[in-house]
Amino acid sequence: MDSGATAWMLTSCALVLFMTPGLAFFYGGMVRSKNVLGMLMKNYVAMGIVTITWVLVGASLAFSGAVEIGGYNVIGNFDLWGLRELGMSNDHFGLPYPDNVQMMFQLMFAIITPALISGAIAERMKFTTWAVFVAIWSIIVYAPMAHWVWGGGFIADQVGAFDFAGGLVVHINAGAAALALLLVLGKRTGWRQQAIRPHSLPLTILGAGMLWFGWFGFNAGSAFNADEFAGNAFLTTQIAAAVAATVWILAEQVMHGKPTTLGFVSGAVAGLVAITPAAGFVGPLGAMAIGAASGLICFSALRLKFMFNFDDSLDVIAVHLVGGIIGALLTGLLAEELYSGGLFVAGIEQFGRQALSVVIAFAFSFGMTFILAKVLDMTMGLRVTVVEEQSGLDLSLHEEQSYVMAE
Amino acid sequence: MDSGATAWMLTSCALVLFMTPGLAFFYGGMVRSKNVLGMLMKNYVAMGIVTITWVLVGASLAFSGAVEIGGYNVIGNFDLWGLRELGMSNDHFGLPYPDNVQMMFQLMFAIITPALISGAIAERMKFTTWAVFVAIWSIIVYAPMAHWVWGGGFIADQVGAFDFAGGLVVHINAGAAALALLLVLGKRTGWRQQAIRPHSLPLTILGAGMLWFGWFGFNAGSAFNADEFAGNAFLTTQIAAAVAATVWILAEQVMHGKPTTLGFVSGAVAGLVAITPAAGFVGPLGAMAIGAASGLICFSALRLKFMFNFDDSLDVIAVHLVGGIIGALLTGLLAEELYSGGLFVAGIEQFGRQALSVVIAFAFSFGMTFILAKVLDMTMGLRVTVVEEQSGLDLSLHEEQSYVMAE
Amino acid sequence: MDSGATAWMLTSCALVLFMTPGLAFFYGGMVRSKNVLGMLMKNYVAMGIVTITWVLVGASLAFSGAVEIGGYNVIGNFDLWGLRELGMSNDHFGLPYPDNVQMMFQLMFAIITPALISGAIAERMKFTTWAVFVAIWSIIVYAPMAHWVWGGGFIADQVGAFDFAGGLVVHINAGAAALALLLVLGKRTGWRQQAIRPHSLPLTILGAGMLWFGWFGFNAGSAFNADEFAGNAFLTTQIAAAVAATVWILAEQVMHGKPTTLGFVSGAVAGLVAITPAAGFVGPLGAMAIGAASGLICFSALRLKFMFNFDDSLDVIAVHLVGGIIGALLTGLLAEELYSGGLFVAGIEQFGRQALSVVIAFAFSFGMTFILAKVLDMTMGLRVTVVEEQSGLDLSLHEEQSYVMAE
Amino acid sequence: MKLVIAYIAPFKLDEVRDALKGAGVTGLTAINAQGFGRQSGHTETYRGAEYEVDMVPKVRIEVLVDDTLAPTVISTIETTARTGSIGDGKIAVLAVEDVIRIRTGERGRDAI
Amino acid sequence: MKLVIAYIAPFKLDEVRDALKGAGVTGLTAINAQGFGRQSGHTETYRGAEYEVDMVPKVRIEVLVDDTLAPTVISTIETTARTGSIGDGKIAVLAVEDVIRIRTGERGRDAI
Amino acid sequence: MKLVIAYIAPFKLDEVRDALKGAGVTGLTAINAQGFGRQSGHTETYRGAEYEVDMVPKVRIEVLVDDTLAPTVISTIETTARTGSIGDGKIAVLAVEDVIRIRTGERGRDAI
Ligand SMILES: Nc1ncnc2c1ncn2[C@@H]1O[C@H](COP(=O)(O)OP(=O)(O)O)[C@@H](O)[C@H]1O
Ligand SMILES: Nc1ncnc2c1ncn2[C@@H]1O[C@H](COP(=O)(O)OP(=O)(O)O)[C@@H](O)[C@H]1O
Ligand SMILES: Nc1ncnc2c1ncn2[C@@H]1O[C@H](COP(=O)(O)OP(=O)(O)O)[C@@H](O)[C@H]1O
């Protein structure tokens, strides 16, 4: 084992964990003040629940063994349950750092993925149902997807798609699930009739800063070492975020006449999403291309919800689903041997593989989540009542007030 | 020296430093808006004052030499004053990284410990007296305690207790001191008569996120290396925090009918506290047990202040004292050879040692702090006047306003 | 290459990037609530724009090749444009970590330097002009200065001045530019007539915490390794910040009767600035001296703007220009062989070199920025209209509201 | 002229404002407020400390109107702010002696 | 009917509200305000820039009452909000022409 | 006695307060408000969702004055708050039946 690699991976674990509070504030600032605690809670609780499901079974299902169906490796087994058998070595993964660090790193990804979904269902979903949703989803949707792409499963193996740090597993997965869940959940009362404005852009901007910072752990940590590949993933991450943010406000300037702070940070996140699957495979100029593409396309994709009339409250589709797809596809076109360590060759064939993996990931996540959402809706109920929605989730779900300026 | 170990320890130093701002906001959000700056300041100032006292004398008293009284090594000497003699090697500590990094790491612990106390005396203590208190306390209470447990002193040596990352030195120490100080200080005007509600839970939740993030440096840094022990401490830290947070909101759901965001983050902190002494000695399932125990017991311990009628404003006793004790004791029962690197064997004997160390730490910290508080009360005065308390500490102590929304 | 060094440098890159959001909030809290988004945006946008200019040409101009004028190495060439030629090795810089990491680290410095300037022009500068200013300034002012000091240029080589982590390149550079820009821009409407108070000190204090945290990457990262020199730079950074913050509030206590939270964090930043050029060359006691000097002198320098009647809104001159000069000069007097690794000898001769480098840096940055500001003023216009200023930049530049507490 | 004050539920503000606009009102001023009334409060529990909070967030709107428009304003608010549940709020009508438009110095009805 | 307006110290709000409740008041509305008055302000110093701030945080409460209850309301506020030091605040009494309960459409005394 | 209410632009508050002080006013209370009026609002665009926001931030000030001082108060506000552009705001004057100083129990003119 290598202490330098271990040092960087420990740091990366901490950085990725920090993204979930970052995301909470990114989202929390965008909702109305009566719903901010409800929003923060839906994110933070993922740090509680997913840690438990992951340690107990998720990690094992994703990263231990292989159950094959028709020759396709579709899921792991329960051998690693409770992480008991992990021990203190690096035998399981054979990486230059201990297995427990790798499991921790993967846990942080498993936490933030369902948290990402919460943006789509803002301001109207029950907390208890959300908690149950997150627990089940992390086992039946996230763990298989992680297994297919990173755990030796068929997407890596048979489809031959590459996903450096989670374009499929994290962003497309979360985006597809968000779409399914919001369709079952329905729109917020007053959507498109009332002005539903962000109550605190400073919180959103703070959260975006935390996300950007943590994302270096996400992407450069996914090199699984402290070396030039990590360095390159770090660099491409920074470039894509910067270019997408800049392109986004340029687009705003052209389309609406004013660049906005929300636009800048939204663009940054779009760029970060899109570079995620590609970070370790492309170079600085490839990262620029991905940044520019995601800035423009995600910005345009904001219109989808108005065109198709679904209330994706904080634009999980436009940013994570669309951004994830852009990244997954462009990885197939822009990857360079030098940067990917000779892992694979970009080209039309690889593009096809990437596209196929996108379809599979979308279909699986959307389908499973839709069923889960329907079941939960019929059993526990997904939505708060209209009166609860009007009083705000902070009071009705948590009986707390976000800001008490009385004294 | 090992550059990987050095890299991780430098990172850990930064992470632990970041916990003090985190704590400041965790606490700052919980006070009324007229006292938020007063609260933030009581925490931040520890970063100023303790750095000075530590570099000048604290570090030396804790980690250099040994003064014995009756065969017990009770305090260090002044040889390292000003850290001049530390030089640029690792000769002093013999760790795989430079001595200056180790001193820095220990400094960050010395800073946050008195900062923790500030939660108990919120909204009524004078700033100048607090500053003097922190300076003296860091020398006469913190440095000896650190010496006994980590500096070769008698708690490690003769009592044979283990404290991985500061159950005794940090949490029980701060908790006992908080109790002593608040007893001398008295209750807030209007306590239990007026509604004294958190003025900004988003700030508290943000602070909790920063704490959780920084705690990885605290605990996994206490492995003093970038290796599997650090990895395990990281993993157990995450698990305990997650389980305790989840258990806490379940308890709330049962007892009050609603889970709260303040409950979730309080539970997380309780779990982080309780795992601190154990992080490097237990495994994932041990961490679950510690998390569950601390979530439940600390939650129940909230009632103590109402039963015994003391105003522990932000629950330092229930979270840090009680949480620290849970962790210290359970370390004696749940430590496993595999995870502790064969350092010690759990069992009833070790449990006894742990219990004895808890009693000593509590008695020393409570006694010393009580005397110090009495002396300061008689000389400088501990409390602001009632009028100052009513106008709020921001204006009366600092002549600043926290939020100016005029324009 | 060394994985430990790489791990620490990757971490440092992330930490330094995090300083820009930190700075944004440090500044953002100090402006009136109608201008907070405008302020945050002026900082964040630097993360977008400078990344692009740096990757395209800035990095190359600063760190590739040498163009000599009259025997003085004054600028690099374009060989590294787009960072294509950087590859995946460490051949270019010959450091113990990959070249792409070094370029990333330097990029983070290039981002925060123009962001620092934004404090001087708060609450009245156009966004579009600012964006153009940042783009051009990063190429024609920052890149040459970086080249002279760190890229093999004449300040290091012929003048023989030392600048550990950016006293000249970052702080004096930003401070001199701030002075030039604010002189061209003019004062805020109502300055010294109306009460212009910080709208949210908690945000400022949060930002200061983020800055303090990130600064460890800035300074200890500038050791370019994970070793005892990094450890020492870390230690001196902490000490200087702590001492300066403490001295500042002592000065306030003496001069105004009350210590303030804004004072504490301002002092901390002043200390961090002043130790920047010295961090790797002085020891703990030298750091104390620098901290004390910067705390006192920067505090006194606040009066300059009232004496000379210029509106340096958030005190970039008093903190960064003055603090940078203190650090640059004291480096010449307090550096010790032990800590600087025998790099140079402090003394009156070195002091002279440092002083000369200060003069050159100030003159170049002030002159170039003044011309650039004049040109932009005549072409695009620097200032918003009085009506826009009165409505606030959030609405007039970005058509967004910072806090919407309606619901 | 009258000053019509209304305490309404915050989520009704947009609707009420639009309705008043439709009814010919040319201006109003809104303020965030905390109301206590028949609407039962709720219990907030912060770390085991229970507080009966009987102040709920309300918006207080204030409309200066000409006497003739006052009844319309009142009925418009009544109709749009009503949900039928306790807490819908109240309207109060006060006499105004004079109104001045700062910009022009106009007085009385013309100033509204 | 009367509208009783009072500017009081923020830390007195709970006490005043409870006392008014005890005195039979069934509703009130409170608003955060900044007051300037005889109470001397204070100096705030931000990085050497001194500002004389003569606005202090106050709470403005507003109670609609029936004429007969008005004297009780006034004296209750007077008693509970008084500390005896400058800045205790003021009470103003205005005549109200009509009150309407939005929920029911009740008018006048019944609406309060 | 009168209650003079004025809705003004926030950046005018300091100036108006100082002018009123100069004119002999011994107290006032200010509140942050949102105003809708002739001043055209603006469009805010959040991620492509455009909202016509016709509420602009205003400050609402309230001055209790003796009848004789009322005209001065009004003209002082008029003069200092005027910029000449739409949105300068309005002043309303209401009759006050009684004023009480909480600290002393003084009533009427003496209480102001
Ligand atoms: N007497 C009163 N004086 C001032 N405000 C009142 C009064 N009564 C009610 N209000 C305001 O009206 C709001 C709604 O009143 P409430 O009694 O709860 O419901 P309803 O009007 O439907 O009976 C309160 O929250 C408060 O803001
Ligand atoms: N003339 C006034 N008009 C409006 N509000 C006033 C007036 N005078 C005082 N106030 C309000 O009452 C508060 C207390 O007044 P102040 O003169 O300071 O104390 P006291 O009422 O004890 O003499 C002020 O902060 C302000 O909110
Ligand atoms: N009829 C009204 N009732 C209450 N407030 C009003 C009324 N008309 C205007 N206002 C207040 O005055 C402010 C300025 O009014 P506006 O019509 O925009 O400009 P002007 O007074 O210059 O014509 C508004 O934002 C609002 O706060």
# chains A, B, ... in the order shown; residues from 1 in each chain; ligands from 1
call {"tool": "interface_residues", "arguments": {"of": "chain A", "to": "chain F", "cutoff": "9 Å", "atoms": "only C-alpha atoms", "output": "PyMOL selection string"}}
result
chain A and resi 192+194-198+252+256+258+260+262-263+266+299-300+302-303+306+314-315
call {"tool": "residues_near_ligand", "arguments": {"ligand": "ligand 2", "cutoff": "8 Å", "atoms": "only C-alpha atoms and all ligand atoms", "output": "PyMOL selection string"}}
result
(chain E and resi 6-8+33-40+55-60+84-90) or (chain F and resi 3+25-30+62-65+101-104+111-112)
call {"tool": "residues_around", "arguments": {"residues": "range 68-75 of chain E", "least_positions_apart": "6", "cutoff": "10 Å", "atoms": "only C-alpha atoms", "output": "ChimeraX atom specification"}}
result
/E:1-6,16,19-21,23-25,81,91-93 /F:99-100,102,105
call {"tool": "calpha_fit_and_write", "arguments": {"fixed": "chain D", "moving": "chain E", "output": "tab-separated table (two decimals) with C-alpha atoms, in the first residue's frame"}}
result
chain	number	residue	atom	x	y	z
E	1	MET	CA	-59.75	58.55	1.93
E	2	LYS	CA	-59.19	55.32	3.76
E	3	LEU	CA	-56.31	53.22	4.87
E	4	VAL	CA	-57.26	49.58	4.50
E	5	ILE	CA	-55.05	47.27	6.52
E	6	ALA	CA	-55.26	43.52	6.06
E	7	TYR	CA	-53.47	40.66	7.78
E	8	ILE	CA	-53.39	37.71	5.43
E	9	ALA	CA	-51.68	34.37	4.98
E	10	PRO	CA	-48.31	34.87	3.24
E	11	PHE	CA	-49.10	32.49	0.41
E	12	LYS	CA	-52.09	34.62	-0.51
E	13	LEU	CA	-50.10	37.77	-1.16
E	14	ASP	CA	-49.57	37.31	-4.88
E	15	GLU	CA	-53.19	36.47	-5.47
E	16	VAL	CA	-54.50	39.36	-3.41
E	17	ARG	CA	-52.15	41.82	-5.05
E	18	ASP	CA	-53.15	40.72	-8.51
E	19	ALA	CA	-56.83	40.90	-7.64
E	20	LEU	CA	-56.45	44.37	-6.18
E	21	LYS	CA	-54.61	45.46	-9.27
E	22	GLY	CA	-57.48	44.10	-11.31
E	23	ALA	CA	-59.89	46.02	-9.13
E	24	GLY	CA	-58.20	49.29	-9.94
E	25	VAL	CA	-55.89	49.70	-6.98
E	26	THR	CA	-52.73	51.49	-8.05
E	27	GLY	CA	-50.52	50.80	-5.09
E	28	LEU	CA	-50.07	48.94	-1.87
E	29	THR	CA	-47.41	48.23	0.70
E	30	ALA	CA	-46.75	44.82	2.24
E	31	ILE	CA	-44.85	43.92	5.37
E	32	ASN	CA	-43.85	40.60	6.90
E	33	ALA	CA	-45.51	40.18	10.26
E	34	GLN	CA	-46.16	37.65	12.98
E	35	GLY	CA	-49.77	37.21	13.97
E	36	PHE	CA	-51.45	35.81	17.02
E	37	GLY	CA	-55.15	35.10	16.91
E	38	ARG	CA	-57.70	32.37	17.08
E	39	GLN	CA	-55.63	30.19	14.81
E	40	SER	CA	-54.07	27.80	17.22
E	41	GLY	CA	-50.33	27.98	17.24
E	42	HIS	CA	-48.09	24.97	17.22
E	43	THR	CA	-45.48	23.43	19.44
E	44	GLU	CA	-41.87	23.73	18.43
E	45	THR	CA	-39.45	21.39	20.13
E	46	TYR	CA	-35.81	22.30	20.10
E	47	ARG	CA	-33.71	19.64	21.78
E	48	GLY	CA	-36.44	18.68	24.16
E	49	ALA	CA	-37.44	22.22	25.06
E	50	GLU	CA	-41.04	22.64	23.98
E	51	TYR	CA	-42.32	26.07	23.09
E	52	GLU	CA	-45.92	26.87	22.37
E	53	VAL	CA	-45.57	29.25	19.48
E	54	ASP	CA	-48.77	31.09	18.91
E	55	MET	CA	-47.38	33.61	16.49
E	56	VAL	CA	-47.73	32.55	12.88
E	57	PRO	CA	-46.20	34.28	9.89
E	58	LYS	CA	-48.61	36.68	8.25
E	59	VAL	CA	-48.32	39.42	5.69
E	60	ARG	CA	-49.73	42.80	6.56
E	61	ILE	CA	-50.86	44.80	3.58
E	62	GLU	CA	-51.85	48.41	3.59
E	63	VAL	CA	-53.77	50.17	0.85
E	64	LEU	CA	-54.52	53.85	0.65
E	65	VAL	CA	-57.76	54.29	-1.26
E	66	ASP	CA	-60.29	56.79	-2.21
E	67	ASP	CA	-63.54	56.44	-0.23
E	68	THR	CA	-65.45	55.21	-3.24
E	69	LEU	CA	-63.01	52.43	-3.98
E	70	ALA	CA	-62.78	51.25	-0.37
E	71	PRO	CA	-65.70	48.80	-0.48
E	72	THR	CA	-64.27	47.18	-3.60
E	73	VAL	CA	-60.87	46.86	-1.99
E	74	ILE	CA	-62.37	45.27	1.08
E	75	SER	CA	-64.49	42.82	-0.82
E	76	THR	CA	-61.64	41.95	-3.16
E	77	ILE	CA	-59.38	41.13	-0.24
E	78	GLU	CA	-62.16	39.21	1.43
E	79	THR	CA	-62.78	37.08	-1.62
E	80	THR	CA	-59.24	36.33	-2.58
E	81	ALA	CA	-57.70	35.89	0.86
E	82	ARG	CA	-60.44	33.62	2.11
E	83	THR	CA	-59.72	29.92	2.38
E	84	GLY	CA	-62.39	29.32	4.97
E	85	SER	CA	-60.08	28.10	7.68
E	86	ILE	CA	-59.12	29.90	10.85
E	87	GLY	CA	-56.26	32.28	10.31
E	88	ASP	CA	-57.52	33.87	7.11
E	89	GLY	CA	-57.00	37.16	8.84
E	90	LYS	CA	-58.68	40.47	9.29
E	91	ILE	CA	-59.25	43.76	7.54
E	92	ALA	CA	-59.36	47.11	9.31
E	93	VAL	CA	-60.44	50.39	7.80
E	94	LEU	CA	-59.12	53.71	9.06
E	95	ALA	CA	-59.88	57.23	7.99
E	96	VAL	CA	-57.04	59.12	6.38
E	97	GLU	CA	-56.86	62.87	6.63
E	98	ASP	CA	-54.49	63.51	3.82
E	99	VAL	CA	-52.30	61.79	1.29
E	100	ILE	CA	-49.29	63.35	-0.41
E	101	ARG	CA	-47.39	62.03	-3.40
E	102	ILE	CA	-43.78	62.81	-2.63
E	103	ARG	CA	-42.65	63.00	-6.21
E	104	THR	CA	-45.14	65.64	-7.31
E	105	GLY	CA	-46.48	67.12	-4.13
E	106	GLU	CA	-50.02	66.24	-5.22
E	107	ARG	CA	-52.43	65.94	-2.33
E	108	GLY	CA	-55.58	64.09	-1.51
E	109	ARG	CA	-57.31	61.80	-3.98
E	110	ASP	CA	-54.93	62.73	-6.76
E	111	ALA	CA	-51.99	61.55	-4.72
E	112	ILE	CA	-53.16	57.98	-4.41
call {"tool": "atom_distance", "arguments": {"atom1": "CA of Gly367 in chain C", "atom2": "CA of Ala301 in chain C"}}
result
22.0 Å
call {"tool": "interface_residues", "arguments": {"of": "chain A", "to": "chain C", "cutoff": "6 Å", "atoms": "only C-alpha atoms", "output": "list in words"}}
result
Gly4, Trp8, Ser33, Lys34, His199, Ser200, Leu201, Gly209, Phe213, Ala226, Glu228, Gly231, Ala242, Thr246, Lys258, Pro259, Thr260 and Thr261 of chain A
call {"tool": "atom_distance", "arguments": {"atom1": "CA of Val359 in chain C", "atom2": "CA of Trp150 in chain C"}}
result
17.2 Å
call {"tool": "select_by_dssp", "arguments": {"residues": "range 159-386 of chain C", "states": "helix (DSSP H, G or I)", "output": "VMD selection string"}}
result
chain C and resid 159 167 to 185 201 to 221 228 to 256 261 to 275 284 to 301 304 to 307 316 to 334 337 to 340 348 to 379 386
call {"tool": "residues_around", "arguments": {"residues": "range 136-143 of chain B", "least_positions_apart": "5", "cutoff": "8 Å", "atoms": "only C-alpha atoms", "output": "PyMOL selection string"}}
result
chain B and resi 50+53-54+57-59+61-62+110+113-114+169+173+364-365+368-369+372
call {"tool": "select_by_dssp", "arguments": {"residues": "chain F", "states": "strand (DSSP E or B)", "output": "ChimeraX atom specification"}}
result
/F:2-8,28-36,42-46,49-53,56-65,90-95,98-101,107
call {"tool": "write_last_selection", "arguments": {"atoms": "N, CA and C atoms", "output": "compact mmCIF listing (two decimals), in the first residue's frame"}}
result
# COMPACT_ATOMS: atom_id res chain seq x y z
N LYS F 2 -51.16 63.57 15.22
CA LYS F 2 -51.23 62.87 13.94
C LYS F 2 -50.24 61.71 13.89
N LEU F 3 -50.61 60.75 13.08
CA LEU F 3 -49.64 59.72 12.72
C LEU F 3 -49.31 59.93 11.26
N VAL F 4 -48.07 60.29 10.98
CA VAL F 4 -47.66 60.49 9.60
C VAL F 4 -46.92 59.23 9.13
N ILE F 5 -47.48 58.61 8.11
CA ILE F 5 -46.86 57.41 7.54
C ILE F 5 -46.25 57.78 6.21
N ALA F 6 -45.03 57.34 5.97
CA ALA F 6 -44.44 57.59 4.64
C ALA F 6 -43.77 56.34 4.12
N TYR F 7 -43.99 56.09 2.84
CA TYR F 7 -43.29 55.00 2.16
C TYR F 7 -42.21 55.64 1.32
N ILE F 8 -40.96 55.33 1.60
CA ILE F 8 -39.88 55.99 0.87
C ILE F 8 -38.88 54.96 0.34
N LEU F 28 -39.18 58.36 15.69
CA LEU F 28 -39.89 57.75 14.57
C LEU F 28 -39.61 56.26 14.57
N THR F 29 -40.41 55.54 13.82
CA THR F 29 -40.22 54.11 13.72
C THR F 29 -40.19 53.72 12.25
N ALA F 30 -39.23 52.90 11.89
CA ALA F 30 -39.07 52.52 10.48
C ALA F 30 -39.18 51.01 10.32
N ILE F 31 -39.75 50.60 9.21
CA ILE F 31 -39.98 49.19 8.94
C ILE F 31 -39.65 48.89 7.49
N ASN F 32 -39.00 47.77 7.26
CA ASN F 32 -38.76 47.34 5.88
C ASN F 32 -40.06 46.86 5.25
N ALA F 33 -40.31 47.30 4.05
CA ALA F 33 -41.55 46.92 3.40
C ALA F 33 -41.31 46.64 1.92
N GLN F 34 -42.33 46.10 1.30
CA GLN F 34 -42.31 45.88 -0.15
C GLN F 34 -43.44 46.70 -0.73
N GLY F 35 -43.14 47.52 -1.69
CA GLY F 35 -44.19 48.35 -2.23
C GLY F 35 -44.52 48.02 -3.67
N PHE F 36 -45.79 48.19 -3.97
CA PHE F 36 -46.20 48.09 -5.37
C PHE F 36 -46.90 49.40 -5.71
N HIS F 42 -39.80 44.96 -12.24
CA HIS F 42 -38.75 44.48 -13.11
C HIS F 42 -38.98 43.00 -13.30
N THR F 43 -38.26 42.44 -14.26
CA THR F 43 -38.36 41.01 -14.50
C THR F 43 -37.19 40.33 -13.82
N GLU F 44 -37.47 39.33 -13.04
CA GLU F 44 -36.37 38.52 -12.51
C GLU F 44 -36.43 37.17 -13.21
N THR F 45 -35.27 36.70 -13.65
CA THR F 45 -35.24 35.44 -14.37
C THR F 45 -34.38 34.46 -13.59
N TYR F 46 -35.02 33.43 -13.05
CA TYR F 46 -34.28 32.42 -12.33
C TYR F 46 -34.29 31.14 -13.14
N ALA F 49 -37.03 30.84 -15.68
CA ALA F 49 -38.39 31.16 -15.27
C ALA F 49 -38.47 32.66 -15.02
N GLU F 50 -39.24 33.33 -15.83
CA GLU F 50 -39.33 34.78 -15.69
C GLU F 50 -40.47 35.18 -14.76
N TYR F 51 -40.17 36.03 -13.84
CA TYR F 51 -41.21 36.56 -12.95
C TYR F 51 -41.24 38.06 -13.07
N GLU F 52 -42.44 38.58 -13.29
CA GLU F 52 -42.61 40.03 -13.23
C GLU F 52 -42.73 40.39 -11.76
N VAL F 53 -41.74 41.04 -11.23
CA VAL F 53 -41.80 41.40 -9.82
C VAL F 53 -42.19 42.86 -9.72
N VAL F 56 -41.28 46.45 -5.00
CA VAL F 56 -39.91 46.93 -4.82
C VAL F 56 -39.66 47.22 -3.33
N PRO F 57 -38.44 47.07 -2.88
CA PRO F 57 -38.17 47.33 -1.47
C PRO F 57 -38.39 48.80 -1.12
N LYS F 58 -39.14 49.02 -0.08
CA LYS F 58 -39.38 50.38 0.40
C LYS F 58 -39.15 50.39 1.90
N VAL F 59 -38.98 51.56 2.46
CA VAL F 59 -39.01 51.67 3.91
C VAL F 59 -40.27 52.44 4.28
N ARG F 60 -40.94 51.93 5.29
CA ARG F 60 -42.16 52.60 5.77
C ARG F 60 -41.81 53.28 7.07
N ILE F 61 -41.91 54.60 7.12
CA ILE F 61 -41.66 55.27 8.39
C ILE F 61 -42.95 55.81 8.95
N GLU F 62 -42.95 56.00 10.23
CA GLU F 62 -44.15 56.32 10.97
C GLU F 62 -43.75 57.33 12.03
N VAL F 63 -44.36 58.48 12.02
CA VAL F 63 -44.01 59.51 13.00
C VAL F 63 -45.26 59.98 13.71
N LEU F 64 -45.22 59.91 15.02
CA LEU F 64 -46.28 60.50 15.82
C LEU F 64 -45.92 61.94 16.06
N VAL F 65 -46.82 62.86 15.69
CA VAL F 65 -46.51 64.27 15.92
C VAL F 65 -47.70 65.03 16.43
N LYS F 90 -45.18 57.84 -0.95
CA LYS F 90 -46.35 58.58 -0.54
C LYS F 90 -46.29 58.87 0.94
N ILE F 91 -47.07 59.86 1.34
CA ILE F 91 -47.23 60.18 2.76
C ILE F 91 -48.72 60.13 3.07
N ALA F 92 -49.07 59.54 4.21
CA ALA F 92 -50.46 59.56 4.62
C ALA F 92 -50.54 60.11 6.04
N VAL F 93 -51.59 60.85 6.30
CA VAL F 93 -51.74 61.46 7.62
C VAL F 93 -53.02 60.94 8.25
N LEU F 94 -52.87 60.42 9.47
CA LEU F 94 -54.03 59.90 10.19
C LEU F 94 -54.17 60.62 11.52
N ALA F 95 -55.38 60.71 11.96
CA ALA F 95 -55.62 61.31 13.28
C ALA F 95 -55.32 60.29 14.37
N ASP F 98 -54.90 59.23 20.99
CA ASP F 98 -54.13 59.38 22.21
C ASP F 98 -52.75 58.78 22.01
N VAL F 99 -51.81 59.31 22.75
CA VAL F 99 -50.46 58.74 22.76
C VAL F 99 -50.05 58.58 24.21
N ILE F 100 -49.41 57.47 24.50
CA ILE F 100 -48.94 57.22 25.87
C ILE F 100 -47.47 56.87 25.84
N ARG F 101 -46.70 57.50 26.73
CA ARG F 101 -45.31 57.12 26.87
C ARG F 101 -45.24 56.01 27.92
N ARG F 107 -49.36 61.23 28.83
CA ARG F 107 -50.35 61.05 27.77
C ARG F 107 -50.41 62.27 26.87
call {"tool": "atom_distance", "arguments": {"atom1": "CA of Gly271 in chain A", "atom2": "CA of Arg353 in chain A"}}
result
22.2 Å
